[in-house]
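Novice: Input file: my_file.txt. Contents: compact mmCIF, C-alpha atoms.
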```txt
# COMPACT_ATOMS: atom_id res chain seq x y z
CA MET O 1 -8.75 -13.13 -19.14
CA ASN O 2 -12.28 -14.46 -19.46
CA GLU O 3 -13.05 -18.08 -18.77
CA LYS O 4 -13.37 -19.09 -22.40
CA SER O 5 -10.05 -17.70 -23.47
CA ALA O 6 -8.36 -19.12 -20.36
CA ALA O 7 -9.69 -22.57 -21.14
CA ALA O 8 -8.62 -22.19 -24.75
CA LYS O 9 -5.16 -21.30 -23.53
CA VAL O 10 -4.96 -24.60 -21.66
CA ASN O 11 -6.21 -26.65 -24.55
CA THR O 12 -4.65 -25.10 -27.59
CA ARG O 13 -1.16 -25.85 -28.77
CA PRO O 14 1.28 -23.49 -27.09
CA ALA O 15 3.16 -20.90 -29.11
CA LYS O 16 6.05 -19.09 -27.60
CA ARG O 17 5.81 -15.34 -27.32
CA GLN O 18 9.12 -13.71 -28.03
CA GLU O 19 9.51 -10.33 -26.45
CA ASN O 20 12.30 -8.48 -24.80
CA SER O 21 12.39 -5.26 -22.92
CA GLU O 22 13.47 -3.22 -25.97
CA ALA O 23 10.57 -4.61 -27.89
CA ALA O 24 8.32 -3.71 -24.97
CA VAL O 25 9.51 -0.09 -25.15
CA ALA O 26 8.97 -0.04 -28.89
CA GLU O 27 5.55 -1.56 -28.40
CA SER O 28 4.66 1.08 -25.82
CA VAL O 29 4.93 3.74 -28.50
CA ARG O 30 2.16 2.00 -30.43
CA ASP O 31 0.08 1.28 -27.32
CA PRO O 32 -3.15 3.31 -27.58
CA ASP O 33 -3.40 3.39 -23.77
CA VAL O 34 0.03 4.99 -23.57
CA ALA O 35 -1.21 7.60 -26.03
CA LEU O 36 -4.23 8.23 -23.79
CA MET O 37 -2.01 8.61 -20.74
CA LEU O 38 0.23 11.08 -22.57
CA ARG O 39 -2.82 13.09 -23.61
CA PHE O 40 -4.00 13.07 -20.00
CA GLN O 41 -0.55 14.30 -19.03
CA ARG O 42 -1.15 17.26 -21.34
CA GLY O 43 -4.42 18.01 -19.56
CA GLU O 44 -7.09 16.03 -21.43
CA GLN O 45 -9.19 14.77 -18.55
CA GLN O 46 -11.46 12.63 -20.75
CA CYS O 47 -8.44 10.42 -21.59
CA PHE O 48 -8.05 9.55 -17.92
CA ASP O 49 -11.75 8.76 -17.72
CA GLU O 50 -11.35 6.44 -20.69
CA LEU O 51 -8.45 4.61 -19.04
CA TYR O 52 -10.40 4.40 -15.78
CA HIS O 53 -13.41 2.80 -17.45
CA LYS O 54 -11.22 0.43 -19.43
CA TYR O 55 -9.15 -0.82 -16.48
CA LYS O 56 -11.34 -0.55 -13.39
CA ARG O 57 -12.92 -4.02 -13.70
CA GLN O 58 -9.62 -5.75 -14.51
CA LEU O 59 -7.89 -4.05 -11.61
CA LEU O 60 -10.76 -4.82 -9.28
CA ALA O 61 -10.57 -8.50 -10.22
CA PHE O 62 -6.80 -8.42 -9.75
CA ALA O 63 -7.06 -6.78 -6.30
CA TYR O 64 -9.79 -9.20 -5.26
CA ARG O 65 -7.82 -12.26 -6.36
CA MET O 66 -4.77 -10.93 -4.54
CA THR O 67 -6.43 -9.90 -1.27
CA GLY O 68 -9.65 -11.88 -1.11
CA ARG O 69 -11.46 -8.84 0.36
CA ALA O 70 -14.21 -7.34 -1.76
CA GLY O 71 -14.56 -4.02 0.09
CA ARG O 72 -10.83 -3.42 0.40
CA SER O 73 -10.35 -4.27 -3.26
CA GLU O 74 -12.55 -1.33 -4.24
CA GLU O 75 -10.49 0.97 -2.02
CA LEU O 76 -7.31 -0.40 -3.56
CA VAL O 77 -8.50 0.22 -7.11
CA GLN O 78 -9.34 3.81 -6.21
CA GLU O 79 -5.87 4.17 -4.72
CA ILE O 80 -4.30 2.74 -7.89
CA PHE O 81 -6.04 5.34 -10.08
CA ILE O 82 -5.19 8.15 -7.65
CA ARG O 83 -1.53 7.13 -7.83
CA CYS O 84 -1.84 6.97 -11.60
CA CYS O 85 -3.19 10.53 -11.57
CA ARG O 86 -0.41 11.72 -9.25
CA SER O 87 2.25 10.15 -11.45
CA ALA O 88 0.92 11.75 -14.63
CA PRO O 89 3.28 14.77 -14.54
CA THR O 90 6.34 12.48 -14.47
CA TYR O 91 4.92 9.63 -16.58
CA ARG O 92 7.30 8.24 -19.25
CA PRO O 93 6.17 5.57 -21.70
CA ASP O 94 8.88 2.98 -20.98
CA ALA O 95 6.48 0.05 -21.21
CA LYS O 96 2.92 -0.81 -22.15
CA PHE O 97 0.39 1.13 -20.11
CA SER O 98 -1.05 -2.11 -18.72
CA THR O 99 2.39 -3.15 -17.44
CA TRP O 100 2.80 0.24 -15.77
CA ILE O 101 -0.59 0.29 -14.09
CA TYR O 102 -0.33 -3.33 -12.94
CA HIS O 103 3.03 -2.46 -11.43
CA ILE O 104 1.23 0.16 -9.34
CA ALA O 105 -1.56 -2.31 -8.60
CA ARG O 106 0.89 -4.95 -7.47
CA ASN O 107 2.60 -2.51 -5.10
CA CYS O 108 -0.74 -1.44 -3.63
CA CYS O 109 -1.79 -5.05 -3.08
CA ARG O 110 1.57 -5.98 -1.58
CA ASN O 111 1.29 -3.09 0.89
CA GLU O 112 -2.25 -4.19 1.69
CA LEU O 113 -1.18 -7.77 2.35
CA ARG O 114 1.42 -6.53 4.84
CA ARG O 115 -1.32 -5.19 7.10
CA PRO O 116 -1.74 -7.11 10.38
CA GLU O 117 -5.24 -8.35 9.60
CA TYR O 118 -3.84 -10.42 6.72
CA ARG O 119 -1.00 -11.75 8.85
CA HIS O 120 -3.12 -13.00 11.68
CA ARG O 121 -6.10 -14.32 9.77
CA ALA O 122 -6.17 -17.35 7.58
CA GLU O 123 -6.17 -16.20 3.98
CA THR O 124 -9.62 -16.77 2.65
CA PHE O 125 -11.89 -14.98 0.23
CA ASP O 126 -14.98 -12.98 1.07
CA ASP O 127 -18.02 -14.94 0.04
CA HIS O 128 -18.52 -12.85 -3.02
CA ALA O 129 -18.45 -15.75 -5.39
CA GLY O 130 -20.25 -14.52 -8.45
CA ALA O 131 -22.53 -17.52 -8.54
CA ALA O 132 -22.51 -18.30 -12.20
CA LEU O 133 -25.79 -18.24 -14.00
CA VAL O 134 -26.60 -21.91 -13.96
CA SER O 135 -30.05 -23.36 -14.06
CA THR O 136 -30.58 -26.19 -11.59
CA PRO O 137 -29.86 -26.20 -7.84
CA GLU O 138 -27.49 -29.16 -8.36
CA MET O 139 -25.53 -27.26 -10.97
CA GLN O 140 -25.45 -24.21 -8.72
CA ALA O 141 -24.13 -26.31 -5.82
CA ALA O 142 -21.47 -27.90 -8.03
CA ASN O 143 -20.51 -24.50 -9.35
CA ARG O 144 -20.21 -23.08 -5.85
CA GLN O 145 -18.04 -26.03 -4.87
CA ARG O 146 -15.67 -25.41 -7.79
CA ILE O 147 -15.45 -21.71 -6.95
CA ARG O 148 -14.76 -22.49 -3.30
CA LEU O 149 -12.00 -24.91 -4.30
CA ALA O 150 -10.49 -22.37 -6.68
CA GLN O 151 -10.52 -19.73 -3.94
CA GLU O 152 -8.90 -22.05 -1.43
CA ALA O 153 -6.24 -23.13 -3.87
CA LEU O 154 -5.43 -19.55 -4.86
CA ALA O 155 -5.43 -18.34 -1.25
CA ALA O 156 -2.86 -21.02 -0.37
CA VAL O 157 -0.34 -19.66 -2.89
CA PRO O 158 2.19 -17.14 -1.46
CA GLU O 159 1.95 -13.49 -2.57
CA ARG O 160 4.74 -13.38 -5.21
CA GLN O 161 3.71 -16.67 -6.77
CA ARG O 162 0.06 -15.62 -6.69
CA THR O 163 0.84 -12.33 -8.42
CA ALA O 164 2.62 -14.14 -11.24
CA LEU O 165 -0.16 -16.72 -11.49
CA VAL O 166 -2.99 -14.17 -11.53
CA LEU O 167 -1.25 -11.97 -14.11
CA SER O 168 -0.57 -15.00 -16.28
CA ARG O 169 -3.97 -16.70 -16.06
CA PHE O 170 -6.39 -13.78 -15.82
CA HIS O 171 -4.65 -10.82 -17.41
CA GLN O 172 -3.12 -12.38 -20.50
CA MET O 173 0.39 -11.28 -19.64
CA SER O 174 3.43 -12.90 -21.18
CA TYR O 175 6.32 -13.97 -18.97
CA GLU O 176 8.21 -10.86 -20.15
CA GLU O 177 5.37 -8.58 -19.14
CA ILE O 178 4.99 -10.29 -15.78
CA ALA O 179 8.73 -9.93 -15.18
CA GLU O 180 8.51 -6.24 -15.99
CA THR O 181 5.46 -5.73 -13.80
CA MET O 182 7.08 -7.53 -10.89
CA ASP O 183 10.57 -6.03 -11.35
CA THR O 184 12.17 -9.41 -11.79
CA SER O 185 13.66 -11.69 -14.44
CA VAL O 186 11.84 -13.99 -16.83
CA SER O 187 13.52 -17.03 -15.28
CA ALA O 188 12.28 -15.92 -11.84
CA VAL O 189 8.76 -15.66 -13.26
CA LYS O 190 9.02 -19.19 -14.69
CA SER O 191 10.12 -20.46 -11.30
CA LEU O 192 7.36 -18.57 -9.48
CA LEU O 193 4.75 -20.03 -11.82
CA ILE O 194 6.04 -23.58 -11.47
CA ARG O 195 5.91 -23.32 -7.67
CA ALA O 196 2.49 -21.62 -7.71
CA LYS O 197 0.99 -24.38 -9.81
CA GLU O 198 2.64 -27.11 -7.74
CA ARG O 199 1.21 -25.51 -4.61
CA MET O 200 -2.26 -25.41 -6.16
CA VAL O 201 -2.04 -29.05 -7.15
CA GLU O 202 -0.97 -29.97 -3.59
CA VAL O 203 -3.97 -28.14 -2.12
CA LEU O 204 -6.37 -29.70 -4.59
CA ARG O 205 -4.95 -33.16 -3.95
CA ALA O 206 -5.55 -32.61 -0.26
CA GLN O 207 -9.13 -31.60 -1.07
CA GLY O 208 -9.80 -34.88 -2.79
CA GLY O 209 -7.99 -35.09 -6.07
CA THR O 210 -7.62 -32.89 -9.10
CA HIS O 211 -8.92 -35.37 -11.64
CA ASP O 212 -12.43 -35.32 -10.21
CA LEU O 213 -12.89 -31.64 -10.96
CA MET T 214 16.24 -35.39 -20.23
CA THR T 215 14.81 -36.65 -16.94
CA CYS T 216 11.16 -36.54 -15.89
CA LYS T 217 12.10 -33.87 -13.35
CA SER T 218 13.34 -31.65 -16.20
CA TRP T 219 10.24 -32.31 -18.29
CA ARG T 220 8.04 -31.34 -15.35
CA LYS T 221 9.77 -27.98 -15.09
CA GLN T 222 8.70 -27.36 -18.70
CA MET T 223 5.06 -28.26 -18.09
CA SER T 224 4.08 -24.94 -16.56
CA ALA T 225 5.43 -22.95 -19.51
CA TYR T 226 3.88 -25.50 -21.90
CA LEU T 227 0.42 -24.99 -20.43
CA ASP T 228 0.90 -21.21 -20.50
CA GLY T 229 1.79 -21.28 -24.20
CA GLU T 230 5.30 -20.08 -23.48
CA LEU T 231 7.22 -23.01 -25.03
CA GLY T 232 8.46 -22.86 -28.58
CA PRO T 233 6.90 -25.32 -31.08
CA ALA T 234 9.89 -27.69 -31.04
CA GLU T 235 10.07 -27.81 -27.24
CA ALA T 236 6.30 -28.28 -27.00
CA ALA T 237 6.39 -31.13 -29.49
CA ALA T 238 9.24 -32.81 -27.59
CA LEU T 239 7.31 -32.55 -24.33
CA GLU T 240 4.16 -33.95 -25.94
CA SER T 241 6.02 -36.95 -27.31
CA HIS T 242 7.58 -37.63 -23.89
CA VAL T 243 4.18 -37.39 -22.19
CA GLU T 244 2.79 -39.97 -24.65
CA THR T 245 5.31 -42.51 -23.40
CA CYS T 246 5.55 -41.57 -19.70
CA GLY T 247 2.53 -42.27 -17.54
CA ALA T 248 3.80 -40.29 -14.52
CA CYS T 249 4.43 -37.17 -16.62
CA ALA T 250 1.08 -37.59 -18.38
CA ASN T 251 -0.54 -37.68 -14.97
CA ALA T 252 1.38 -34.58 -13.85
CA VAL T 253 0.27 -32.63 -16.95
CA ALA T 254 -3.33 -33.70 -16.39
CA GLU T 255 -3.22 -32.57 -12.76
CA LEU T 256 -1.74 -29.20 -13.67
CA ARG T 257 -4.22 -28.70 -16.50
CA SER T 258 -7.15 -29.53 -14.27
CA ALA T 259 -5.89 -27.18 -11.52
CA LEU T 260 -5.59 -24.35 -14.05
CA GLN T 261 -9.03 -25.03 -15.47
CA LEU T 262 -10.43 -24.88 -11.96
CA LEU T 263 -8.58 -21.62 -11.35
CA ASP T 264 -10.21 -20.14 -14.41
CA ASP T 265 -13.52 -20.52 -12.54
CA HIS T 266 -12.30 -18.13 -9.89
CA PRO T 267 -14.80 -15.29 -9.96
CA GLY T 268 -13.83 -11.69 -10.51
CA LEU T 269 -15.62 -8.88 -8.77
CA GLU T 270 -18.15 -6.39 -10.08
CA PRO T 271 -17.82 -2.82 -8.81
CA SER T 272 -20.52 -1.75 -6.35
CA SER T 273 -23.23 0.65 -7.54
CA ASP T 274 -21.64 3.76 -6.01
CA PHE T 275 -18.07 2.88 -7.00
CA ASP T 276 -17.81 5.46 -9.80
CA ALA T 277 -19.42 8.22 -7.73
CA ARG T 278 -17.05 7.59 -4.81
CA PHE T 279 -14.07 7.61 -7.13
CA ALA T 280 -15.22 10.80 -8.86
CA ARG T 281 -15.37 12.56 -5.48
CA ARG T 282 -11.95 11.29 -4.49
CA LEU T 283 -10.44 12.26 -7.83
CA GLN T 284 -11.92 15.74 -7.57
CA GLN T 285 -10.33 16.19 -4.14
CA GLU T 286 -7.01 14.89 -5.43
CA GLN T 287 -7.00 17.18 -8.45
CA ALA T 288 -7.95 20.19 -6.31
CA ARG T 289 -5.04 19.36 -4.01
CA GLN T 290 -2.68 19.05 -6.98
CA ARG T 291 -3.83 22.39 -8.40
CA ALA T 292 -3.30 24.08 -5.04
CA GLU T 293 0.15 22.53 -4.80
CA GLN T 294 1.08 23.66 -8.30
CA ALA T 295 -0.16 27.19 -7.66
CA LEU T 296 1.91 27.40 -4.52
CA ALA T 297 4.98 25.71 -5.87
CA PRO T 298 6.96 28.53 -7.59
CA TRP T 299 6.29 30.99 -4.78
CA TRP T 300 7.20 28.47 -2.12
CA ARG T 301 10.25 27.17 -3.96
CA TRP T 302 12.02 30.58 -3.91
CA ARG T 303 10.97 31.92 -0.58
CA TRP T 304 10.82 29.01 1.81
CA PRO T 305 14.33 29.40 3.33
CA ALA T 306 13.65 33.06 4.18
CA LEU T 307 10.21 32.20 5.56
CA VAL T 308 11.57 29.41 7.72
CA THR T 309 14.30 31.72 9.10
CA VAL T 310 11.81 34.49 9.92
CA ALA T 311 9.41 32.01 11.51
CA ALA T 312 12.21 30.57 13.66
CA ALA T 313 13.28 34.05 14.78
CA VAL T 314 9.71 35.06 15.65
CA CYS T 315 9.27 31.82 17.62
CA ALA T 316 12.52 32.44 19.52
CA VAL T 317 11.56 36.02 20.46
CA CYS T 318 8.02 35.02 21.48
CA GLY T 319 9.34 32.13 23.53
CA PHE T 320 11.85 34.36 25.29
CA LEU T 321 9.19 36.96 26.11
CA ILE T 322 6.65 34.44 27.30
CA LEU T 323 9.11 32.54 29.46
CA GLY T 324 10.58 35.73 30.88
CA ARG T 325 7.19 37.17 31.77
CA ASP T 326 5.86 34.09 33.43
CA ARG T 327 8.88 33.30 35.56
CA PRO T 328 7.54 32.17 38.99
CA SER T 329 8.26 34.47 42.00
CA ARG T 330 10.40 33.27 44.94
CA GLU T 331 8.45 32.08 47.99
CA LEU T 332 8.94 34.15 51.17
CA ALA T 333 10.46 32.62 54.26
CA PRO T 334 8.29 32.52 57.47
CA ALA T 335 10.37 35.28 59.10
CA GLU T 336 9.90 37.48 56.04
CA LEU T 337 6.17 36.81 56.05
CA GLU T 338 5.98 37.83 59.70
CA MET T 339 7.85 41.00 58.87
CA VAL T 340 5.39 41.79 56.09
CA ALA T 341 2.47 41.25 58.49
CA LYS T 342 3.98 43.71 60.96
CA LEU T 343 5.02 46.23 58.38
CA ASP T 344 3.10 49.10 60.01
CA LEU T 345 4.67 48.37 63.37
CA LEU T 346 8.13 48.37 61.81
CA ARG T 347 7.41 51.63 60.09
CA ASP T 348 6.44 53.06 63.52
CA TYR T 349 9.59 51.60 65.02
CA GLN T 350 11.68 53.37 62.43
CA THR T 351 9.99 56.63 63.40
CA ILE T 352 10.54 56.07 67.11
CA SER T 353 14.13 55.03 66.59
CA HIS T 354 14.86 58.35 64.97
CA LEU T 355 13.40 60.49 67.82
CA ASP T 356 16.05 62.86 69.23
CA GLY T 357 15.02 62.04 72.81
CA LEU T 358 16.23 58.49 72.40
CA ASP T 359 19.82 59.51 71.86
CA ASP T 360 20.38 59.41 75.62
CA TYR T 361 18.38 56.15 76.14
CA GLU T 362 21.40 53.97 76.66
CA VAL T 363 22.91 56.47 79.13
CA VAL T 364 19.68 56.43 81.11
CA ALA T 365 19.48 52.58 80.97
CA GLN T 366 23.00 52.23 82.32
CA LEU T 367 22.76 55.16 84.75
CA ASP T 368 23.02 52.93 87.87
CA GLU T 369 26.25 51.34 86.70
CA LEU T 370 27.67 54.65 85.77
CA LEU T 371 26.80 56.13 89.16
CA GLU T 372 28.37 53.16 91.02
CA GLY T 373 31.57 53.66 89.03
CA GLU T 374 31.79 57.30 90.07
CA GLN T 375 31.28 56.59 93.83
CA PRO T 376 34.50 56.40 95.87
```
Could I get this file's structure written as structure tokens?

Specialist:
Amino acid sequence: MNEKSAAAKVNTRPAKRQENSEAAVAESVRDPDVALMLRFQRGEQQCFDELYHKYKRQLLAFAYRMTGRAGRSEELVQEIFIRCCRSAPTYRPDAKFSTWIYHIARNCCRNELRRPEYRHRAETFDDHAGAALVSTPEMQAANRQRIRLAQEALAAVPERQRTALVLSRFHQMSYEEIAETMDTSVSAVKSLLIRAKERMVEVLRAQGGTHDL
Amino acid sequence: MTCKSWRKQMSAYLDGELGPAEAAALESHVETCGACANAVAELRSALQLLDDHPGLEPSSDFDARFARRLQQEQARQRAEQALAPWWRWRWPALVTVAAAVCAVCGFLILGRDRPSRELAPAELEMVAKLDLLRDYQTISHLDGLDDYEVVAQLDELLEGEQP
């Protein structure tokens, strides 16, 4: 999700999305990305290339927000697409393509986060903060400060909660889709998101208050 | 409904996951409850901050590296597919033959290289004097030696015959 649409999501009046898993299956039939994957399954290589170019940035952002490591995130995204390619012969369109590929992405990131270097080091982000294009040095400093705070707050959220939060905030997924991606129930997703947000608020309070941001 | 219950709804409210009636009820509660209004404001501001979290742009050689990796993967898959039918039907026979060949080779190699027994010092001495022994065998079979013991004990024999 880009910043504008994310902000709009916070400010606009909420409207409940009503989906269930049957609807998700039905929707998958109409999903153009599912159609591309099925064509790739039949041997049309250009369809895979299309999916790769469509998803690589989203998946890279997802991996980076999950792991905080820029270099490893690139490796992870390559691994995700390789797994996607390997699974093509047995691929069945049971869900939207995005749900399916994020399921793979989530598993890759979870495996990555189990590596010892993540266990023994404080979870932080590589200093890869895409310094937004702002004009004055003061604005740049303020922007960097916000990014640093956002990184610290996100890094403090445990893996499952962070997955739900990242999929919800940055990838426009409904609770149903998140539940499907994470192999869990919608009520579990609600609970994960409540705890993730509470954790973020705690961290931001400790950093000097959320209202000043 | 208690404030604790309303707060559990706030996350879904901010994510646009509450129905219109539930959202309206929450909004009217927040208008009259300062603590809940504060909680919503804190959550909203945390989420707005999170939206500033930067993504990541792929590095300049990202596509080239992936293309190479994909090529390798697809070559591997093709090789696997080409081998699959042949392998599927014949692998039990191949494994059996391979095991038999290994067993025979192992037996031959182990049998051939079995270490020889070390000779005892007495045996070594005997080997060193082999020529002498061979000579001894020759001497021992000389006809003239048949009477050797009679000659050696001649004195005793003669004493026995004297009255």

Novice: Got a sec: who's within 7 Å of Ala153 (chain O), counting all atoms listed in the file, leaving out chain neighbours fewer than 2 positions off, as a PyMOL selection string?

Specialist: chain O and resi 149-151+155-157+200+203-204

Novice: Store the residues picked out above, limited to C-alpha atoms, as a PDB file, in the coordinates of the input.

Specialist:
```pdb
ATOM      1  CA  LEU O 149     -12.000 -24.910  -4.300  1.00  0.00           C
ATOM      2  CA  ALA O 150     -10.490 -22.370  -6.680  1.00  0.00           C
ATOM      3  CA  GLN O 151     -10.520 -19.730  -3.940  1.00  0.00           C
ATOM      4  CA  ALA O 155      -5.430 -18.340  -1.250  1.00  0.00           C
ATOM      5  CA  ALA O 156      -2.860 -21.020  -0.370  1.00  0.00           C
ATOM      6  CA  VAL O 157      -0.340 -19.660  -2.890  1.00  0.00           C
ATOM      7  CA  MET O 200      -2.260 -25.410  -6.160  1.00  0.00           C
ATOM      8  CA  VAL O 203      -3.970 -28.140  -2.120  1.00  0.00           C
ATOM      9  CA  LEU O 204      -6.370 -29.700  -4.590  1.00  0.00           C
TER      10      LEU O 204
END
```

Novice: Could you tell me how far CA of Ile104 (chain O) sits from CA of Asp276 (chain T), in Å to one decimal place?

Specialist: 19.8 Å

Novice: Within 7 Å of chain O, which residues belong to chain T? Use all atoms listed in the file and report them as a list of chain:residue names.

Specialist: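 The answer, sorted by residue number, is T:Lys221, T:Ser224, T:Tyr226, T:Leu227, T:Asp228, T:Gly229, T:Glu230, T:Leu231, T:Gly232, T:Pro233, T:Ala236, T:Glu255, T:Leu256, T:Arg257, T:Ser258, T:Ala259, T:Gln261, T:Leu262, T:Leu263, T:Asp264, T:Asp265, T:His266, T:Pro267, T:Gly268, T:Leu269, T:Glu270, T:Phe279, T:Leu283.
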
Novice: Just to confirm, what's the straight-line distance from CA of Ala206 (chain O) to CA of Ala141 (chain O) in Å (one decimal)?

Specialist: 20.4 Å

Novice: Restricting the calculation to only C-alpha atoms, which member of O:Gln161, O:Gln145, O:Ser187, O:Ser98 is positioned closest to Asp31 (chain O)?

Specialist: O:Ser98

Novice: CA of Phe48 (chain O) to CA of Trp100 (chain O): how many Å, to one decimal?

Specialist: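 Atom-to-atom, CA of Phe48 (chain O) and CA of Trp100 (chain O) are spaced 14.5 Å apart.
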
Novice: With all atoms of region 312-324 of chain T from the file as input, state the centre and edge lengths in Å to one decimal of the axis-aligned box that has 6 Å extra on each side, as AutoDock Vina command-line options.

Specialist:
```
--center_x 10.0 --center_y 33.8 --center_z 22.3 --size_x 18.6 --size_y 18.4 --size_z 29.2
```

Novice: Give me, as an NGL selection string, all polymer residues having an atom no more than 10 Å from Pro89 (chain O), counting all atoms listed in the file and skipping those fewer than 4 positions away in the same chain.

Specialist: :O and (38 or 40-43 or 84-85)

Novice: Would you pick out the contacts of Thr163 (chain O) at 8 Å or less, using all atoms listed in the file, so that residues sharing its chain but fewer than 3 positions from it are not included, and give the list as a list of chain:residue names?

Specialist: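 Residues meeting the cut-off are O:Met66, O:Arg106, O:Glu159, O:Arg160, O:Val166, O:Leu167.
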
Novice: Take the residues from that selection and put them in a file with C-alpha atoms, as a tab-separated table (two decimals), in the frame of the given file.

Specialist:
```
chain	number	residue	atom	x	y	z
O	66	MET	CA	-4.77	-10.93	-4.54
O	106	ARG	CA	0.89	-4.95	-7.47
O	159	GLU	CA	1.95	-13.49	-2.57
O	160	ARG	CA	4.74	-13.38	-5.21
O	166	VAL	CA	-2.99	-14.17	-11.53
O	167	LEU	CA	-1.25	-11.97	-14.11
```

Novice: Quick one: of T:Thr215, T:Gln290, T:Thr309, T:Ser272, who's nearest to His242 (chain T), counting only C-alpha atoms?

Specialist: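 Once distances to His242 (chain T) are computed over only C-alpha atoms, the minimum belongs to T:Thr215.
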
Novice: Rebuild region 273-290 of chain T so that it carries N, CA and C atoms, then output the result as a CSV table (one decimal), keeping the file's coordinate frame.

Specialist:
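Saved the output as out_29.csv:
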```
chain,number,residue,atom,x,y,z
T,273,SER,N,-22.5,-0.3,-6.8
T,273,SER,CA,-23.2,0.6,-7.5
T,273,SER,C,-22.7,2.1,-7.4
T,274,ASP,N,-22.1,2.4,-6.2
T,274,ASP,CA,-21.6,3.8,-6.0
T,274,ASP,C,-20.1,3.9,-6.2
T,275,PHE,N,-19.5,2.9,-6.8
T,275,PHE,CA,-18.1,2.9,-7.0
T,275,PHE,C,-17.6,4.1,-7.8
T,276,ASP,N,-18.2,4.3,-8.9
T,276,ASP,CA,-17.8,5.5,-9.8
T,276,ASP,C,-18.0,6.8,-9.1
T,277,ALA,N,-19.1,6.9,-8.4
T,277,ALA,CA,-19.4,8.2,-7.7
T,277,ALA,C,-18.4,8.5,-6.6
T,278,ARG,N,-18.0,7.4,-5.9
T,278,ARG,CA,-17.0,7.6,-4.8
T,278,ARG,C,-15.7,8.0,-5.4
T,279,PHE,N,-15.4,7.3,-6.5
T,279,PHE,CA,-14.1,7.6,-7.1
T,279,PHE,C,-14.1,9.0,-7.7
T,280,ALA,N,-15.2,9.4,-8.3
T,280,ALA,CA,-15.2,10.8,-8.9
T,280,ALA,C,-15.0,11.8,-7.8
T,281,ARG,N,-15.6,11.6,-6.6
T,281,ARG,CA,-15.4,12.6,-5.5
T,281,ARG,C,-13.9,12.6,-5.0
T,282,ARG,N,-13.3,11.4,-5.0
T,282,ARG,CA,-12.0,11.3,-4.5
T,282,ARG,C,-11.0,11.9,-5.5
T,283,LEU,N,-11.3,11.7,-6.8
T,283,LEU,CA,-10.4,12.3,-7.8
T,283,LEU,C,-10.5,13.8,-7.8
T,284,GLN,N,-11.7,14.3,-7.6
T,284,GLN,CA,-11.9,15.7,-7.6
T,284,GLN,C,-11.1,16.3,-6.5
T,285,GLN,N,-11.1,15.7,-5.3
T,285,GLN,CA,-10.3,16.2,-4.1
T,285,GLN,C,-8.8,16.2,-4.5
T,286,GLU,N,-8.4,15.1,-5.1
T,286,GLU,CA,-7.0,14.9,-5.4
T,286,GLU,C,-6.6,16.0,-6.4
T,287,GLN,N,-7.4,16.2,-7.4
T,287,GLN,CA,-7.0,17.2,-8.4
T,287,GLN,C,-7.0,18.6,-7.9
T,288,ALA,N,-7.9,18.9,-6.9
T,288,ALA,CA,-8.0,20.2,-6.3
T,288,ALA,C,-6.7,20.4,-5.5
T,289,ARG,N,-6.3,19.3,-4.8
T,289,ARG,CA,-5.0,19.4,-4.0
T,289,ARG,C,-3.8,19.6,-4.9
T,290,GLN,N,-3.8,18.9,-6.0
T,290,GLN,CA,-2.7,19.0,-7.0
T,290,GLN,C,-2.6,20.5,-7.5
```
